[in-house]
Each structure stands twice: as C-alpha cells, then as structure tokens.
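Q: Okay, so here is data-v7.cif, and as you'll see once you scroll down, it has mmCIF, C-alpha atoms.
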data_work
loop_
_atom_site.group_PDB
_atom_site.id
_atom_site.type_symbol
_atom_site.label_atom_id
_atom_site.label_comp_id
_atom_site.auth_asym_id
_atom_site.auth_seq_id
_atom_site.Cartn_x
_atom_site.Cartn_y
_atom_site.Cartn_z
ATOM 1 C CA MET A 246 -5.596 4.841 -3.758
ATOM 2 C CA ALA A 247 -8.935 5.996 -5.104
ATOM 3 C CA ARG A 248 -11.976 5.784 -2.855
ATOM 4 C CA THR A 249 -15.589 5.239 -3.685
ATOM 5 C CA ASN A 250 -18.565 6.405 -1.666
ATOM 6 C CA SER A 251 -19.074 2.908 -0.293
ATOM 7 C CA ASP A 252 -15.525 2.713 1.134
ATOM 8 C CA ASP A 253 -14.905 3.439 4.787
ATOM 9 C CA MET A 254 -13.497 6.938 5.151
ATOM 10 C CA LEU A 255 -10.471 5.747 7.109
ATOM 11 C CA MET A 256 -9.227 2.202 7.120
ATOM 12 C CA GLU A 257 -7.910 0.649 10.330
ATOM 13 C CA ASP A 258 -4.254 0.794 9.220
ATOM 14 C CA GLU A 259 -4.668 4.457 8.216
ATOM 15 C CA LEU A 260 -6.057 5.252 11.664
ATOM 16 C CA ALA A 261 -3.102 3.510 13.285
ATOM 17 C CA ALA A 262 -0.731 5.534 11.088
ATOM 18 C CA ILE A 263 -2.474 8.814 11.966
ATOM 19 C CA PHE A 264 -2.594 8.248 15.705
ATOM 20 C CA GLY A 265 0.646 6.291 15.970
ATOM 21 C CA THR A 266 -0.963 3.601 18.086
ATOM 22 C CA ASP A 267 -1.518 -0.081 17.776
ATOM 23 C CA SER A 268 -5.058 -1.215 18.613
ATOM 24 C CA ASP A 269 -3.615 -3.906 20.927
ATOM 25 C CA ALA A 270 -1.643 -1.274 22.851
ATOM 26 C CA THR A 271 -4.689 0.882 23.623
ATOM 27 C CA SER A 272 -6.094 0.487 27.111
ATOM 28 C CA LEU A 273 -7.910 2.456 29.752
ATOM 29 C CA VAL A 274 -5.987 3.199 32.910
ATOM 30 C CA ASP A 275 -7.634 2.883 36.301
ATOM 31 C CA GLN A 276 -7.113 5.922 38.542
ATOM 32 C CA ASP A 277 -5.234 3.702 41.058
ATOM 33 C CA ASP A 278 -2.857 2.597 38.304
ATOM 34 C CA LYS A 279 -2.068 6.187 37.327
ATOM 35 C CA ALA A 280 0.943 6.322 39.666
ATOM 36 C CA ALA A 281 2.462 3.384 37.805
ATOM 37 C CA LEU A 282 2.647 5.530 34.691
ATOM 38 C CA ASP A 283 4.973 8.081 36.277
ATOM 39 C CA VAL A 284 8.432 7.555 34.831
ATOM 40 C CA ALA A 285 11.725 9.202 35.521
ATOM 41 C CA PRO A 286 13.235 11.405 32.807
ATOM 42 C CA SER A 287 15.240 9.469 30.261
ATOM 43 C CA ASP A 288 19.009 9.341 30.685
ATOM 44 C CA GLY A 289 19.466 9.024 26.912
ATOM 45 C CA GLU A 290 19.522 5.227 26.858
ATOM 46 C CA ASP A 291 16.985 3.304 24.782
ATOM 47 C CA ASP A 292 14.168 2.774 27.258
ATOM 48 C CA GLY A 293 11.795 1.152 24.779
ATOM 49 C CA TRP A 294 9.640 4.237 24.319
ATOM 50 C CA ASP A 295 9.083 5.466 20.793
ATOM 51 C CA ASN A 296 10.562 8.962 20.612
ATOM 52 C CA THR A 297 8.661 10.741 17.844
ATOM 53 C CA ASP A 298 10.493 14.053 18.355
ATOM 54 C CA ASP A 299 12.942 12.999 15.631
ATOM 55 C CA PHE A 300 10.226 12.742 12.967
ATOM 56 C CA PRO A 301 8.254 15.708 11.665
ATOM 57 C CA GLY A 302 4.455 15.399 11.672
ATOM 58 C CA GLN A 303 2.524 14.428 8.566
ATOM 59 C CA LEU A 304 0.254 16.861 6.760
ATOM 60 C CA ALA A 305 -3.057 15.507 5.449
ATOM 61 C CA VAL A 306 -3.761 16.400 1.813
ATOM 62 C CA ASP A 307 -6.422 16.027 -0.863
ATOM 63 C CA VAL A 308 -5.254 15.687 -4.492
ATOM 64 C CA TYR A 309 -7.693 15.869 -7.397
ATOM 65 C CA GLU A 310 -7.957 16.860 -11.071
ATOM 66 C CA THR A 311 -10.124 19.146 -13.119
ATOM 67 C CA ALA A 312 -10.056 19.244 -16.929
ATOM 68 C CA ASP A 313 -6.915 21.399 -17.054
ATOM 69 C CA LYS A 314 -5.564 21.543 -13.484
ATOM 70 C CA LEU A 315 -4.196 19.325 -10.719
ATOM 71 C CA ILE A 316 -5.239 20.611 -7.294
ATOM 72 C CA VAL A 317 -3.581 19.856 -3.949
ATOM 73 C CA LYS A 318 -5.352 21.027 -0.783
ATOM 74 C CA ALA A 319 -3.999 20.807 2.747
ATOM 75 C CA ARG A 320 -5.548 21.823 6.047
ATOM 76 C CA THR A 321 -3.065 24.282 7.523
ATOM 77 C CA ALA A 322 -5.060 26.094 10.219
ATOM 78 C CA GLY A 323 -2.879 28.144 12.524
ATOM 79 C CA ILE A 324 0.118 28.255 10.184
ATOM 80 C CA SER A 325 1.324 31.625 8.963
ATOM 81 C CA LYS A 326 2.577 32.108 5.409
ATOM 82 C CA SER A 327 6.068 32.855 6.716
ATOM 83 C CA ASP A 328 6.232 29.429 8.426
ATOM 84 C CA LEU A 329 5.165 27.539 5.283
ATOM 85 C CA ASN A 330 7.484 26.193 2.557
ATOM 86 C CA VAL A 331 6.193 24.817 -0.754
ATOM 87 C CA SER A 332 8.480 23.471 -3.496
ATOM 88 C CA ILE A 333 8.296 21.223 -6.559
ATOM 89 C CA SER A 334 11.013 19.398 -8.451
ATOM 90 C CA ASP A 335 10.619 16.679 -11.099
ATOM 91 C CA GLY A 336 6.969 16.017 -10.240
ATOM 92 C CA ILE A 337 7.620 15.801 -6.484
ATOM 93 C CA LEU A 338 5.759 18.328 -4.309
ATOM 94 C CA THR A 339 7.026 19.109 -0.814
ATOM 95 C CA ILE A 340 5.039 21.086 1.748
ATOM 96 C CA SER A 341 6.726 21.749 5.081
ATOM 97 C CA GLY A 342 6.674 24.213 7.920
ATOM 98 C CA ILE A 343 6.304 24.821 11.611
ATOM 99 C CA LEU A 344 3.097 25.023 13.609
ATOM 100 C CA SER A 345 3.662 27.136 16.712
ATOM 101 C CA GLY A 346 1.367 26.356 19.608
ATOM 102 C CA GLY A 347 2.075 29.453 21.640
ATOM 103 C CA GLU A 348 3.281 27.340 24.550
ATOM 104 C CA ASP A 349 2.851 28.785 27.996
ATOM 105 C CA GLU A 350 6.029 28.399 30.052
ATOM 106 C CA ASN A 351 3.897 28.483 33.224
ATOM 107 C CA THR A 352 2.279 25.119 32.373
ATOM 108 C CA THR A 353 2.793 22.694 35.235
ATOM 109 C CA ALA A 354 0.841 19.685 33.905
ATOM 110 C CA TRP A 355 -0.967 18.678 30.727
ATOM 111 C CA HIS A 356 -4.382 17.062 31.066
ATOM 112 C CA ILE A 357 -5.172 16.629 27.361
ATOM 113 C CA GLN A 358 -2.820 17.306 24.464
ATOM 114 C CA GLU A 359 -4.332 16.276 21.131
ATOM 115 C CA CYS A 360 -3.052 19.026 18.872
ATOM 116 C CA TYR A 361 0.198 18.572 16.970
ATOM 117 C CA TRP A 362 2.692 21.405 17.410
ATOM 118 C CA GLY A 363 6.066 21.637 15.768
ATOM 119 C CA GLU A 364 7.572 20.720 12.421
ATOM 120 C CA PHE A 365 5.565 19.001 9.727
ATOM 121 C CA SER A 366 6.407 17.797 6.246
ATOM 122 C CA ARG A 367 4.667 16.058 3.366
ATOM 123 C CA THR A 368 6.205 14.922 0.084
ATOM 124 C CA ILE A 369 3.919 13.781 -2.719
ATOM 125 C CA ALA A 370 4.710 12.313 -6.124
ATOM 126 C CA LEU A 371 2.175 14.071 -8.335
ATOM 127 C CA PRO A 372 -0.005 11.590 -10.251
ATOM 128 C CA VAL A 373 0.001 13.465 -13.586
ATOM 129 C CA PRO A 374 2.592 15.590 -15.425
ATOM 130 C CA VAL A 375 2.281 19.287 -14.526
ATOM 131 C CA LYS A 376 3.962 22.499 -15.601
ATOM 132 C CA GLU A 377 6.479 23.459 -12.940
ATOM 133 C CA GLU A 378 7.500 26.849 -14.299
ATOM 134 C CA GLU A 379 6.788 29.997 -12.320
ATOM 135 C CA GLY A 380 3.420 31.350 -13.396
ATOM 136 C CA SER A 381 2.034 27.856 -14.071
ATOM 137 C CA VAL A 382 1.587 27.107 -10.371
ATOM 138 C CA LYS A 383 -0.521 29.110 -7.940
ATOM 139 C CA ALA A 384 -0.511 28.624 -4.168
ATOM 140 C CA GLU A 385 -3.017 30.327 -1.889
ATOM 141 C CA LEU A 386 -3.440 30.180 1.883
ATOM 142 C CA LYS A 387 -6.991 31.145 2.807
ATOM 143 C CA ASP A 388 -9.082 30.353 5.882
ATOM 144 C CA GLY A 389 -6.625 27.704 7.075
ATOM 145 C CA VAL A 390 -6.523 25.815 3.770
ATOM 146 C CA LEU A 391 -3.493 25.764 1.478
ATOM 147 C CA THR A 392 -4.562 25.293 -2.149
ATOM 148 C CA ILE A 393 -1.941 24.630 -4.819
ATOM 149 C CA ALA A 394 -3.172 24.610 -8.438
ATOM 150 C CA PHE A 395 -0.916 23.219 -11.169
ATOM 151 C CA GLU A 396 -1.528 23.540 -14.890
ATOM 152 C CA LYS A 397 -1.462 20.032 -16.331
ATOM 153 C CA GLU A 398 0.940 19.221 -19.162
ATOM 154 C CA LYS A 399 -0.807 18.452 -22.413
ATOM 155 C CA VAL A 400 0.120 14.860 -23.198
ATOM 156 C CA ASP A 401 -1.028 13.152 -26.370
ATOM 157 C CA THR A 402 -2.573 9.900 -25.286
ATOM 158 C CA THR A 403 -2.931 8.473 -28.786
ATOM 159 C CA VAL A 404 0.133 7.717 -30.852
ATOM 160 C CA ASN A 405 -0.209 6.212 -34.309
ATOM 161 C CA ILE A 406 2.387 3.551 -34.945
ATOM 162 C CA PRO A 407 2.925 2.533 -38.548
ATOM 163 C CA VAL A 408 2.904 -1.217 -39.173
ATOM 164 C CA MET A 409 5.808 -2.458 -41.280
#
If you convert what's in this file into structure tokens, what do you get?
A:
Amino acid sequence: MARTNSDDMLMEDELAAIFGTDSDATSLVDQDDKAALDVAPSDGEDDGWDNTDDFPGQLAVDVYETADKLIVKARTAGISKSDLNVSISDGILTISGILSGGEDENTTAWHIQECYWGEFSRTIALPVPVKEEEGSVKAELKDGVLTIAFEKEKVDTTVNIPVM
C-alpha cells in the first residue's frame, strides 16, 4: 500500500499487528492488583494465553524503486551476517535469522522487556520483475541496515497489436 505525506505513519490496525495487542485489552494495573497477575507455570493445557513462541518475529522492511533497481531495506541492528539468511525464488524474497540477546542466566526478574530476541522471518512478493541470477543481486549489511539491491527486468510496456 503506497503512502502519501498526508497519511498517518502507522494506522491503528498496523500498530495492533506490531505490538500484538488489542486496544480494548490494554489497561493500567494498580500496584495492589499486581499480585493478581502472578500465574502458575502452564501445564501444557490451553489456558487462554496467546503463546507467541511458536511464531517467528516479523522484520520491518522498506521497498522502493529507482530507474533501474528495486531496493529492499531492513533494520537489522544487532544481527551478525552469520545469523542472517537471504533467499529469492520466483519473485519471492525471504529474509530470516536469529537475533541473540545475550541473555544473562542470573536474571531473577524482568522489569521491562521491549526488545524482540529470537527467530525472525519476513517473506515479500516483489512488486516488479527482477533478475534473480547471481551477480544481479547485491546484499550489504552496514550499520545495522540490510540493503538488498535487485536489477529490474527490462519489460516492454507497449505492445503493438495488429488489427485484423
């Protein structure tokens, strides 16, 4: 979906998708109510909680064109090249990997945990035909930004059709 300068940067449904919350479910918890939030470890039964451990995190991307290239940029701060996988097949780009948080096994309690750690994956159907051969695609990881540049396929947009 293309945006214009007058559009809101993030729509309400996009925010809900990013943060995995429903605006009706968001509430502030009084300090006295904090004890009510303590729950026993799950015994494996469906307890109604959404377990997101089964789904890899999403990677935010920007996709844009120049005269002869299609560019995909992704913020990948903290990810090493060895933990990053990039592939393309039939116009479908997949970027995946693992973001290691350097967990401290001595942690006894979390107070704030906003950063995503673990597996992530993003699959994108490229909006224009690109050359997929080796040498036609360049990927660079620099300063926490993955930039993938594809050479666009030359496609004749005008076809003369003889009238019979």
Q: Quick one: which residues end up in the PyMOL selection byres ((chain A and resi 391) around 6) for this structure, as a ChimeraX atom specification?
A: /A:318-319,385-386,390,392
Q: Given the file shown, enumerate the residues that the PyMOL selection byres ((chain A and resi 335) around 10) captures and present them as JSON, numbers by chain.
A: {"A": [333, 334, 336, 337, 338, 370, 371, 374, 375, 376, 377]}
Q: Generate the output file for the selected residues, C-alpha atoms, as a CSV table (one decimal), in the frame of the given file.
A:
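This went into result_34.csv:
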chain,number,residue,atom,x,y,z
A,333,ILE,CA,8.3,21.2,-6.6
A,334,SER,CA,11.0,19.4,-8.5
A,336,GLY,CA,7.0,16.0,-10.2
A,337,ILE,CA,7.6,15.8,-6.5
A,338,LEU,CA,5.8,18.3,-4.3
A,370,ALA,CA,4.7,12.3,-6.1
A,371,LEU,CA,2.2,14.1,-8.3
A,374,PRO,CA,2.6,15.6,-15.4
A,375,VAL,CA,2.3,19.3,-14.5
A,376,LYS,CA,4.0,22.5,-15.6
A,377,GLU,CA,6.5,23.5,-12.9
Q: Do you have the CA of Ala312 (chain A)-CA of Val373 (chain A) distance handy?
A: 12.1 Å
Q: Which value, in Å to one decimal, gives the distance between CA of Ala305 (chain A) and CA of Asp349 (chain A)?
A: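 These two atoms are separated by 26.8 Å.
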Q: If I take CA of Ser345 (chain A) and CA of Arg320 (chain A), how far is one from the other in Å, to one decimal?
A: 15.1 Å
Q: Check what the PyMOL selection byres ((chain A and resi 331) around 9) selects in the file above and give those residues as a VMD selection string.
A: chain A and resid 329 to 330 332 to 333 338 to 342 384
Q: Can you write out the residues you just picked, keeping C-alpha atoms, as an mmCIF file, keeping the file's coordinate frame?
A:
data_model
loop_
_atom_site.group_PDB
_atom_site.id
_atom_site.type_symbol
_atom_site.label_atom_id
_atom_site.label_comp_id
_atom_site.auth_asym_id
_atom_site.auth_seq_id
_atom_site.Cartn_x
_atom_site.Cartn_y
_atom_site.Cartn_z
ATOM 1 C CA LEU A 329 5.165 27.539 5.283
ATOM 2 C CA ASN A 330 7.484 26.193 2.557
ATOM 3 C CA SER A 332 8.480 23.471 -3.496
ATOM 4 C CA ILE A 333 8.296 21.223 -6.559
ATOM 5 C CA LEU A 338 5.759 18.328 -4.309
ATOM 6 C CA THR A 339 7.026 19.109 -0.814
ATOM 7 C CA ILE A 340 5.039 21.086 1.748
ATOM 8 C CA SER A 341 6.726 21.749 5.081
ATOM 9 C CA GLY A 342 6.674 24.213 7.920
ATOM 10 C CA ALA A 384 -0.511 28.624 -4.168
#
Q: Taking all atoms listed in the file into account, which of A:Thr403, A:Gly380, A:Ala394, A:Glu348 comes nearest Cys360 (chain A)?
A: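 Of A:Thr403, A:Gly380, A:Ala394, A:Glu348, the one nearest Cys360 (chain A) is A:Glu348, counting all atoms listed in the file.
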Q: Could you tell me which of A:Ser325, A:Gln303, A:Thr311, A:Ser381 comes closest to Phe395 (chain A) if we count only C-alpha atoms?
A: A:Ser381
Q: Mind checking which residues fall within 9 Å of Gly323 (chain A), counting all atoms listed in the file, ignoring those fewer than 5 positions away in the same chain, and posting them as a list in words?
A: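 That gives Leu344, Ser345, Gly346 and Gly389 of chain A.
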Q: Filtering to C-alpha atoms, could you give me those residues as a PDB file, in the frame of the given file?
A:
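Listed below is the output, result05.pdb:
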ATOM      1  CA  LEU A 344       3.097  25.023  13.609  1.00  0.00           C
ATOM      2  CA  SER A 345       3.662  27.136  16.712  1.00  0.00           C
ATOM      3  CA  GLY A 346       1.367  26.356  19.608  1.00  0.00           C
ATOM      4  CA  GLY A 389      -6.625  27.704   7.075  1.00  0.00           C
TER       5      GLY A 389
END
Q: Would you give the centre and edge lengths, in Å to one decimal, of a box along x, y and z around the listed atoms of region 361-369 of chain A, with 3 Å added to each side, as JSON?
A:
{"center_x": 3.9, "center_y": 17.7, "center_z": 7.3, "size_x": 13.4, "size_y": 13.9, "size_z": 26.1}
Q: Out of A:Ile343, A:Asn351, A:Glu310, A:Glu359, which residue has the shortest atom-to-atom distance to Ser327 (chain A) when counting only C-alpha atoms?
A: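 Result for the nearest residue to Ser327 (chain A): A:Ile343.
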Q: Using only C-alpha atoms, which residue out of A:Glu396, A:Glu364, A:Asp401, A:Asp388 lies closest to Ile316 (chain A)?
A: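 Of A:Glu396, A:Glu364, A:Asp401, A:Asp388, the one nearest Ile316 (chain A), counting only C-alpha atoms, is A:Glu396.
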Q: Restricting the calculation to only C-alpha atoms, which member of A:His356, A:Lys397, A:Arg367, A:Lys383 is positioned closest to Val306 (chain A)?
A: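 Counting only C-alpha atoms, the residue closest to Val306 (chain A) is A:Arg367.
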